[in-house]
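File shown here: model_6.txt, holding compact mmCIF, C-alpha atoms.
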# COMPACT_ATOMS: atom_id res chain seq x y z
CA MET A 1 -25.64 16.01 26.54
CA ALA A 2 -22.14 14.54 26.67
CA ARG A 3 -20.07 14.04 23.56
CA CYS A 4 -17.30 11.48 23.40
CA ALA A 5 -14.23 10.49 21.47
CA PRO A 6 -14.65 7.12 19.70
CA PHE A 7 -14.77 4.09 21.99
CA VAL A 8 -12.13 1.68 20.73
CA ARG A 9 -11.65 -1.06 23.37
CA CYS A 10 -13.85 -2.94 25.81
CA ARG A 11 -12.45 -4.38 29.05
CA TYR A 12 -13.87 -5.95 32.20
CA ILE A 13 -12.81 -6.61 35.79
CA GLU A 14 -14.07 -9.78 37.47
CA THR A 15 -14.77 -10.01 41.21
CA MET A 16 -16.48 -12.48 43.56
CA ASP A 17 -18.77 -11.56 46.46
CA VAL A 18 -19.17 -13.31 49.84
CA ASN A 19 -21.78 -15.65 48.32
CA ASN A 20 -19.29 -16.81 45.67
CA SER A 21 -21.27 -15.07 42.93
CA THR A 22 -19.09 -13.68 40.18
CA GLU A 23 -19.52 -10.12 38.97
CA MET A 24 -17.94 -8.48 35.96
CA VAL A 25 -17.77 -4.73 35.50
CA PHE A 26 -17.44 -3.70 31.85
CA TYR A 27 -15.65 -0.57 30.64
CA LEU A 28 -15.33 1.19 27.30
CA ILE A 29 -12.06 2.97 26.58
CA ASN A 30 -11.86 5.83 24.08
CA VAL A 31 -9.00 6.81 21.77
CA TYR A 32 -7.44 9.00 24.47
CA GLY A 33 -7.44 6.23 27.08
CA HIS A 34 -10.38 7.64 29.06
CA THR A 35 -12.49 4.89 30.64
CA GLU A 36 -16.26 4.77 31.08
CA GLN A 37 -17.94 2.18 33.30
CA ILE A 38 -20.86 0.90 31.21
CA ALA A 39 -22.38 -2.28 32.67
CA THR A 40 -22.26 -4.99 35.31
CA VAL A 41 -22.76 -8.70 34.64
CA THR A 42 -23.54 -11.24 37.34
CA ASN A 43 -23.15 -15.01 36.93
CA ARG A 44 -22.03 -14.59 33.31
CA ASN A 45 -21.15 -18.24 32.75
CA THR A 46 -24.39 -19.64 34.14
CA ASN A 47 -28.04 -19.78 33.09
CA LEU A 48 -28.71 -17.01 35.61
CA ALA A 49 -26.53 -14.41 33.88
CA THR A 50 -27.89 -10.87 34.03
CA TYR A 51 -26.40 -7.92 32.14
CA ARG A 52 -27.35 -4.45 33.37
CA ALA A 53 -26.29 -1.10 31.94
CA HIS A 54 -25.15 1.51 34.43
CA ASP A 55 -27.65 4.31 34.84
CA ASP A 56 -24.95 6.98 34.98
CA PHE A 57 -23.63 5.89 31.59
CA THR A 58 -27.00 5.63 29.83
CA GLU A 59 -28.01 9.05 31.16
CA GLN A 60 -24.75 10.73 30.18
CA TYR A 61 -24.64 9.09 26.75
CA ASP A 62 -28.34 8.84 26.05
CA TYR A 63 -27.78 9.79 22.40
CA LEU A 64 -25.66 6.62 22.00
CA HIS A 65 -27.84 4.34 24.11
CA GLY A 66 -31.11 5.49 22.51
CA ASN A 67 -33.99 3.04 22.84
CA SER A 68 -31.80 0.08 23.74
CA PRO A 69 -32.85 -1.97 26.77
CA ASN A 70 -31.04 -1.51 30.06
CA GLU A 71 -30.89 -5.21 30.87
CA TRP A 72 -30.09 -8.40 28.93
CA ILE A 73 -30.01 -12.12 29.64
CA CYS A 74 -28.25 -13.09 26.39
CA ASP A 75 -24.52 -12.50 25.88
CA ASN A 76 -24.97 -11.95 22.11
CA ASP A 77 -27.51 -9.19 22.74
CA PHE A 78 -25.17 -7.57 25.25
CA GLN A 79 -22.26 -7.74 22.80
CA ASP A 80 -24.45 -6.21 20.06
CA TRP A 81 -25.20 -3.31 22.42
CA ILE A 82 -21.47 -2.73 22.97
CA ALA A 83 -20.90 -2.87 19.20
CA LYS A 84 -23.66 -0.31 18.68
CA LEU A 85 -22.10 2.05 21.24
CA GLN A 86 -18.72 1.82 19.50
CA TYR A 87 -20.28 2.31 16.08
CA TYR A 88 -22.32 5.36 17.11
CA SER A 89 -19.30 6.90 18.87
CA PHE A 90 -17.42 6.75 15.54
CA VAL A 91 -20.41 8.01 13.54
CA GLU A 92 -20.61 11.03 15.82
CA GLN A 93 -17.24 12.27 14.59
CA ARG A 94 -19.00 13.22 11.32
CA PHE A 95 -15.98 12.82 9.07
CA GLU A 96 -17.02 13.36 5.47
CA VAL A 97 -16.52 10.55 2.99
CA ALA A 98 -13.47 11.17 0.83
CA GLN A 99 -12.73 9.94 -2.67
CA PRO A 100 -11.95 7.22 -3.47
CA CYS A 101 -14.30 5.49 -1.02
CA TRP A 102 -13.51 1.84 -1.85
CA PHE A 103 -10.26 0.11 -0.92
CA PHE A 104 -8.81 -3.32 -1.63
CA LYS A 105 -6.25 -5.42 0.25
CA TRP A 106 -4.69 -8.84 -0.35
CA ILE A 107 -3.95 -11.10 2.62
CA THR A 108 -0.57 -12.59 1.77
CA ASP A 109 0.19 -14.80 4.77
CA ASP A 110 -1.61 -16.92 7.36
CA THR A 111 -0.36 -14.72 10.22
CA PRO A 112 -1.57 -11.12 10.77
CA PHE A 113 1.84 -9.61 11.58
CA THR A 114 3.82 -9.92 8.37
CA ASN A 115 4.93 -6.62 6.88
CA GLU A 116 2.59 -6.98 3.91
CA ASN A 117 -0.47 -7.92 5.97
CA LEU A 118 0.06 -4.98 8.34
CA ARG A 119 0.52 -2.43 5.54
CA ILE A 120 -2.61 -0.40 4.78
CA PRO A 121 -3.48 0.27 1.11
CA GLU A 122 -1.59 3.29 -0.20
CA GLU A 123 -4.78 5.00 -1.37
CA LEU A 124 -6.32 4.59 2.09
CA ARG A 125 -3.25 6.13 3.68
CA ASN A 126 -3.65 9.13 1.38
CA VAL A 127 -7.29 9.53 2.37
CA LEU A 128 -6.69 9.20 6.12
CA GLN A 129 -3.78 11.68 5.97
CA THR A 130 -2.34 10.46 9.24
CA ASN A 131 1.11 11.91 8.45
CA GLY A 132 2.70 9.30 10.69
CA ASN A 133 0.34 9.98 13.61
CA ILE A 134 -1.82 7.42 15.38
CA THR A 135 -5.47 7.33 14.37
CA TRP A 136 -8.39 4.89 14.63
CA ILE A 137 -10.83 3.48 12.12
CA LEU A 138 -13.83 1.20 12.62
CA LEU A 139 -14.34 -1.91 10.49
CA LYS A 140 -17.81 -3.50 10.52
CA ASN A 141 -19.27 -6.64 9.01
CA GLN A 142 -22.74 -8.00 9.73
CA ALA A 143 -23.32 -7.79 13.51
CA ARG A 144 -19.70 -7.09 14.49
CA VAL A 145 -17.42 -4.07 14.69
CA TRP A 146 -13.64 -3.85 15.14
CA PRO A 147 -11.92 -0.60 16.15
CA ILE A 148 -8.50 -0.72 14.48
CA GLN A 149 -5.55 1.51 15.29
CA ILE A 150 -3.54 2.92 12.38
CA LYS A 151 0.06 3.67 13.28
CA GLY A 152 2.01 5.29 10.49
CA ASN A 153 1.13 3.24 7.41
CA ARG A 154 0.30 0.04 9.29
CA PHE A 155 -2.59 -1.63 11.06
CA ALA A 156 -1.83 -1.96 14.78
CA VAL A 157 -4.05 -2.60 17.83
CA GLY A 158 -7.18 -4.54 16.90
CA TRP A 159 -5.87 -5.93 13.59
CA GLU A 160 -5.01 -9.38 14.99
CA GLU A 161 -8.50 -9.75 16.49
CA PHE A 162 -10.07 -8.77 13.16
CA CYS A 163 -7.95 -11.31 11.24
CA VAL A 164 -8.66 -14.13 13.72
CA ASP A 165 -12.41 -13.43 13.91
CA ASN A 166 -12.68 -13.50 10.12
CA HIS A 167 -10.36 -16.50 9.61
CA LEU A 168 -8.19 -14.54 7.16
CA ILE A 169 -5.48 -16.63 5.51
CA ASN A 170 -3.09 -16.34 2.59
CA GLY A 171 -4.95 -15.64 -0.65
CA TYR A 172 -8.01 -14.00 0.92
CA GLN A 173 -9.00 -10.49 -0.13
CA ILE A 174 -10.81 -7.77 1.80
CA ILE A 175 -12.65 -4.75 0.47
CA LEU A 176 -13.29 -1.69 2.63
CA ALA A 177 -16.16 0.62 1.69
CA SER A 178 -16.31 4.03 3.34
CA GLU A 179 -19.33 4.92 5.40
CA THR A 180 -17.51 7.93 6.75
CA LYS A 181 -13.84 8.79 6.56
CA CYS A 182 -13.20 6.51 9.56
CA ILE A 183 -15.93 3.80 9.28
CA PHE A 184 -15.68 1.01 6.71
CA GLU A 185 -17.99 -1.82 5.77
CA VAL A 186 -15.91 -4.96 5.12
CA LEU A 187 -16.40 -7.53 2.38
CA ILE A 188 -14.30 -10.70 2.53
CA PHE A 189 -13.42 -13.00 -0.38
CA ASN A 190 -11.75 -16.41 -0.19
CA LYS A 191 -9.00 -17.95 -2.35
CA GLU A 192 -11.60 -18.83 -4.98
CA HIS A 193 -12.59 -15.13 -5.11
CA ILE A 194 -16.06 -15.84 -3.71
CA GLY A 195 -17.68 -13.66 -1.02
CA VAL A 196 -17.47 -15.08 2.53
CA PHE A 197 -20.24 -14.63 5.09
CA ASN A 198 -19.36 -15.33 8.71
CA MET A 199 -21.82 -15.90 11.53
CA TYR A 200 -20.84 -13.67 14.43
CA SER A 201 -24.07 -13.79 16.43
CA ASN A 202 -27.65 -14.98 16.15
CA GLN A 203 -28.16 -12.61 13.23
CA ASN A 204 -26.72 -12.69 9.72
CA ALA A 205 -27.11 -8.96 9.25
CA LEU A 206 -26.42 -5.79 11.16
CA PRO A 207 -29.00 -5.38 13.94
CA ALA A 208 -31.78 -2.90 13.31
CA PRO A 209 -30.17 0.02 15.23
CA PHE A 210 -27.40 0.16 12.64
CA TYR A 211 -29.97 0.92 9.95
CA HIS A 212 -31.99 3.42 12.01
CA LEU A 213 -29.52 5.88 13.43
CA PRO A 214 -30.67 8.46 15.97
CA ALA A 215 -31.35 11.74 14.20
CA VAL A 216 -28.34 13.38 15.83
CA LEU A 217 -26.07 10.71 14.33
CA GLU A 218 -27.74 10.29 10.95
CA THR A 219 -25.28 9.79 8.14
CA SER A 220 -25.42 8.95 4.48
CA CYS A 221 -22.98 6.85 2.51
CA TYR A 222 -23.07 5.79 -1.09
CA PRO A 223 -21.29 2.41 -0.81
CA THR A 224 -22.89 0.97 2.32
CA ILE A 225 -26.48 1.50 1.22
CA TRP A 226 -25.92 -1.64 -0.86
CA PHE A 227 -24.85 -3.79 2.04
CA ASN A 228 -28.02 -5.27 3.43
CA ARG A 229 -26.09 -8.57 3.18
CA LYS A 230 -28.74 -9.92 0.84
CA THR A 231 -26.64 -9.74 -2.28
CA VAL A 232 -27.29 -12.51 -4.78
CA THR A 233 -23.59 -13.17 -5.25
CA GLU A 234 -20.24 -11.45 -4.68
CA PHE A 235 -16.95 -12.25 -6.42
CA THR A 236 -13.63 -10.72 -7.44
CA ILE A 237 -11.48 -11.03 -10.58
CA GLY A 238 -7.75 -10.39 -10.87
CA CYS A 239 -6.92 -8.49 -14.05
CA ASP A 240 -4.98 -10.37 -16.69
CA ILE A 241 -6.17 -10.20 -20.30
CA GLU A 242 -9.64 -9.20 -21.49
CA ASP A 243 -10.66 -12.59 -22.89
CA ASN A 244 -9.95 -14.30 -19.56
CA ILE A 245 -11.81 -11.60 -17.64
CA ALA A 246 -14.85 -11.95 -19.87
CA LYS A 247 -14.71 -15.72 -19.30
CA CYS A 248 -14.58 -15.16 -15.51
CA PHE A 249 -17.68 -12.96 -15.66
CA GLN A 250 -19.54 -15.66 -17.59
CA GLU A 251 -18.46 -18.50 -15.27
CA HIS A 252 -19.43 -16.66 -12.07
CA LEU A 253 -22.79 -15.43 -13.37
CA GLU A 254 -23.92 -18.39 -15.47
CA PRO A 255 -25.73 -20.12 -12.55
CA PHE A 256 -28.10 -17.14 -12.40
CA PHE A 257 -29.09 -17.25 -16.07
CA GLU A 258 -31.90 -19.24 -17.66
CA HIS A 259 -30.61 -21.82 -20.12
CA ASN A 260 -33.50 -21.31 -22.51
CA GLY A 261 -34.67 -17.94 -23.79
CA GLU A 262 -33.45 -14.35 -23.76
CA GLN A 263 -32.50 -12.18 -20.80
CA GLN A 264 -30.22 -9.25 -20.05
CA ILE A 265 -27.93 -8.30 -17.18
CA VAL A 266 -27.01 -4.76 -16.16
CA PHE A 267 -23.55 -3.79 -14.89
CA ALA A 268 -23.49 -0.48 -12.99
CA MET A 269 -20.47 1.58 -12.01
CA GLN A 270 -20.06 5.24 -11.08
CA ALA A 271 -23.37 6.47 -12.53
CA HIS A 272 -22.79 4.48 -15.72
CA GLU A 273 -24.61 1.32 -16.84
CA TRP A 274 -24.03 -1.39 -19.46
CA THR A 275 -26.76 -3.77 -20.57
CA ILE A 276 -25.49 -7.15 -21.76
CA PRO A 277 -27.83 -9.51 -23.69
CA VAL A 278 -28.04 -13.07 -22.37
CA ILE A 279 -29.18 -15.83 -24.74
CA ASP A 280 -29.67 -19.43 -23.62
CA GLY A 281 -27.59 -18.87 -20.48
CA ALA A 282 -24.63 -17.12 -22.11
CA MET A 283 -23.79 -13.43 -22.22
CA ASN A 284 -23.25 -11.94 -25.66
CA THR A 285 -19.50 -12.25 -26.14
CA GLU A 286 -19.04 -9.07 -28.18
CA ALA A 287 -21.02 -6.91 -25.74
CA LEU A 288 -19.22 -8.42 -22.74
CA VAL A 289 -15.76 -7.90 -24.24
CA ASP A 290 -16.69 -4.31 -25.15
CA PHE A 291 -17.72 -3.70 -21.52
CA VAL A 292 -14.45 -5.12 -20.21
CA ARG A 293 -12.49 -3.04 -22.74
CA GLU A 294 -14.13 0.17 -21.48
CA LEU A 295 -12.73 -0.54 -18.02
CA GLU A 296 -9.23 0.13 -19.43
CA LEU A 297 -7.70 -2.52 -17.19
CA PHE A 298 -4.01 -2.96 -16.41
CA ILE A 299 -2.05 -5.83 -14.89
CA GLY A 300 -2.28 -5.56 -11.10
CA GLU A 301 -5.77 -4.05 -11.06
CA PHE A 302 -8.72 -5.86 -9.55
CA ILE A 303 -12.47 -6.10 -10.14
CA ALA A 304 -15.19 -6.69 -7.54
CA VAL A 305 -18.72 -7.61 -8.59
CA LEU A 306 -21.69 -7.37 -6.20
CA MET A 307 -24.95 -8.62 -7.67
CA THR A 308 -27.32 -6.72 -5.41
CA LYS A 309 -30.47 -8.00 -7.03
CA GLU A 310 -31.33 -10.45 -9.77
CA LEU A 311 -29.39 -9.63 -12.97
CA PHE A 312 -28.22 -6.24 -11.67
CA ALA A 313 -24.56 -6.08 -10.59
CA ARG A 314 -22.44 -3.31 -9.09
CA VAL A 315 -18.86 -3.28 -10.40
CA ILE A 316 -15.87 -1.69 -8.68
CA VAL A 317 -12.37 -1.57 -10.21
CA PHE A 318 -9.33 -1.17 -7.94
CA ASN A 319 -5.99 0.19 -9.06
CA GLY A 320 -2.59 -1.17 -8.09
CA GLU A 321 -2.44 1.07 -5.00
CA GLY A 322 -5.51 -0.55 -3.44
CA GLY A 323 -7.93 2.29 -4.13
CA GLU A 324 -10.99 2.63 -6.30
CA LYS A 325 -10.24 3.53 -9.90
CA ILE A 326 -12.11 6.72 -10.87
CA PHE A 327 -13.27 6.83 -14.50
CA PRO A 328 -13.83 9.87 -16.78
CA TRP A 329 -17.58 9.33 -16.83
CA TYR A 330 -17.69 9.76 -13.03
CA GLU A 331 -20.37 12.28 -12.07
CA ASN A 332 -22.67 12.79 -9.12
CA TYR A 333 -21.13 9.72 -7.49
CA PHE A 334 -22.75 10.34 -4.09
CA LEU A 335 -26.29 10.90 -5.37
Re-express the file's structure as structure tokens.
Amino acid sequence: MARCAPFVRCRYIETMDVNNSTEMVFYLINVYGHTEQIATVTNRNTNLATYRAHDDFTEQYDYLHGNSPNEWICDNDFQDWIAKLQYYSFVEQRFEVAQPCWFFKWITDDTPFTNENLRIPEELRNVLQTNGNITWILLKNQARVWPIQIKGNRFAVGWEEFCVDNHLINGYQIILASETKCIFEVLIFNKEHIGVFNMYSNQNALPAPFYHLPAVLETSCYPTIWFNRKTVTEFTIGCDIEDNIAKCFQEHLEPFFEHNGEQQIVFAMQAHEWTIPVIDGAMNTEALVDFVRELELFIGEFIAVLMTKELFARVIVFNGEGGEKIFPWYENYFL
């Protein structure tokens, strides 16, 4: 059974036969520039479009292709198949997750190519340990994947496509959560610090194959088990002073509280939990301020809150270098 380097680009060549029917031959290119012919599409821009995988490819890379069909009539389904092939080819590398496994980046301009937008978070650079060499990572969000080249300490090939596809502009924030050392789930937040969900295909979640990896590619990751894209709410908070941060928590979460009666919300972070009483739609101020104080926040740090189910929220704190802040109570983080 063949093994491959990660597939990072997809290209096609278009031809026309004697009957004026168009044909496109699709190729996947790996990190070393090696090309694999993967599929042929006839009449792509008509109602008669047919997408067929090449038998040689599906036989050679059966562990990537798995139970996928060999023929499609929908472009979105065909693109999802290509995304799955790229994703599995990265998963196969079996890089272990390193600590920290969450990373944060500001988008500081409307164009992808400013120095600040191209610069990768310092903590991520330390984890990747590229030492100035070229490497590739895979970003994924819902039903899309983006292979991104890292060159030195900057994003390179693939970064512009990622920025354009996700409509990233000045003031947006992105969070990268490690699935492996080279695969990252992406969360996007707008200028108002609210989570953004884009529609990339007919589905608003990763297609089923992403959740049911072939046994040979099975992997486990602490962060991405939360990302079924059914979170109740997602938001970020820039660190200033504790009173303002407590107020931000209350304002973002108030719509989910009952305005009459008693409740409680649980904040969870790194195997530690805080239970905050909620009375008549407001969190107990003293308990909330105590929670914020335990985070030992500094100017320049950042908080992300993912409410993964009703009144249960995951909290991640990022330091000034764009990496997850590890607290003393950290233990058994990957269990």
Query raised in the report: Expressed in Å to a single decimal, how great is the separation between CA of Phe327 in chain A and CA of Leu295 in chain A?
Result: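 It comes out at 8.2 Å.
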Report task. Could you tell me how far CA of Glu116 in chain A lies from CA of Leu187 in chain A, in Å and to one decimal? Result -> 19.1 Å
Query raised in the report: What is the distance, in Å and to one decimal place, between CA of Val232 in chain A and CA of Thr308 in chain A?
Result: 5.8 Å
**Report entry** Within 8 Å of range 182-186 of chain A using all atoms listed in the file, minus same-chain residues under 2 positions, as a PyMOL selection string
**Finding:** chain A and resi 90-91+95+128+136-141+174-180+188+224
Query raised in the report: Using all atoms listed in the file, which of A:Glu251, A:Asp110, A:Glu324, A:Glu296 sits nearest Gln270 in chain A?
Result: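 Of A:Glu251, A:Asp110, A:Glu324, A:Glu296, the one nearest Gln270 in chain A, counting all atoms listed in the file, is A:Glu324.
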Report task. Measuring atom to atom with all atoms listed in the file, identify which of A:Ile150, A:Leu64, A:Ile120, A:Cys10 is nearest to Ile134 in chain A. Result ->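 Using all atoms listed in the file, the shortest distance to Ile134 in chain A belongs to A:Ile150.
Among the candidates A:Thr40, A:Gln79, A:Thr285, A:Gln93, the one nearest to Phe249 in chain A when counting all atoms listed in the file is A:Thr285.
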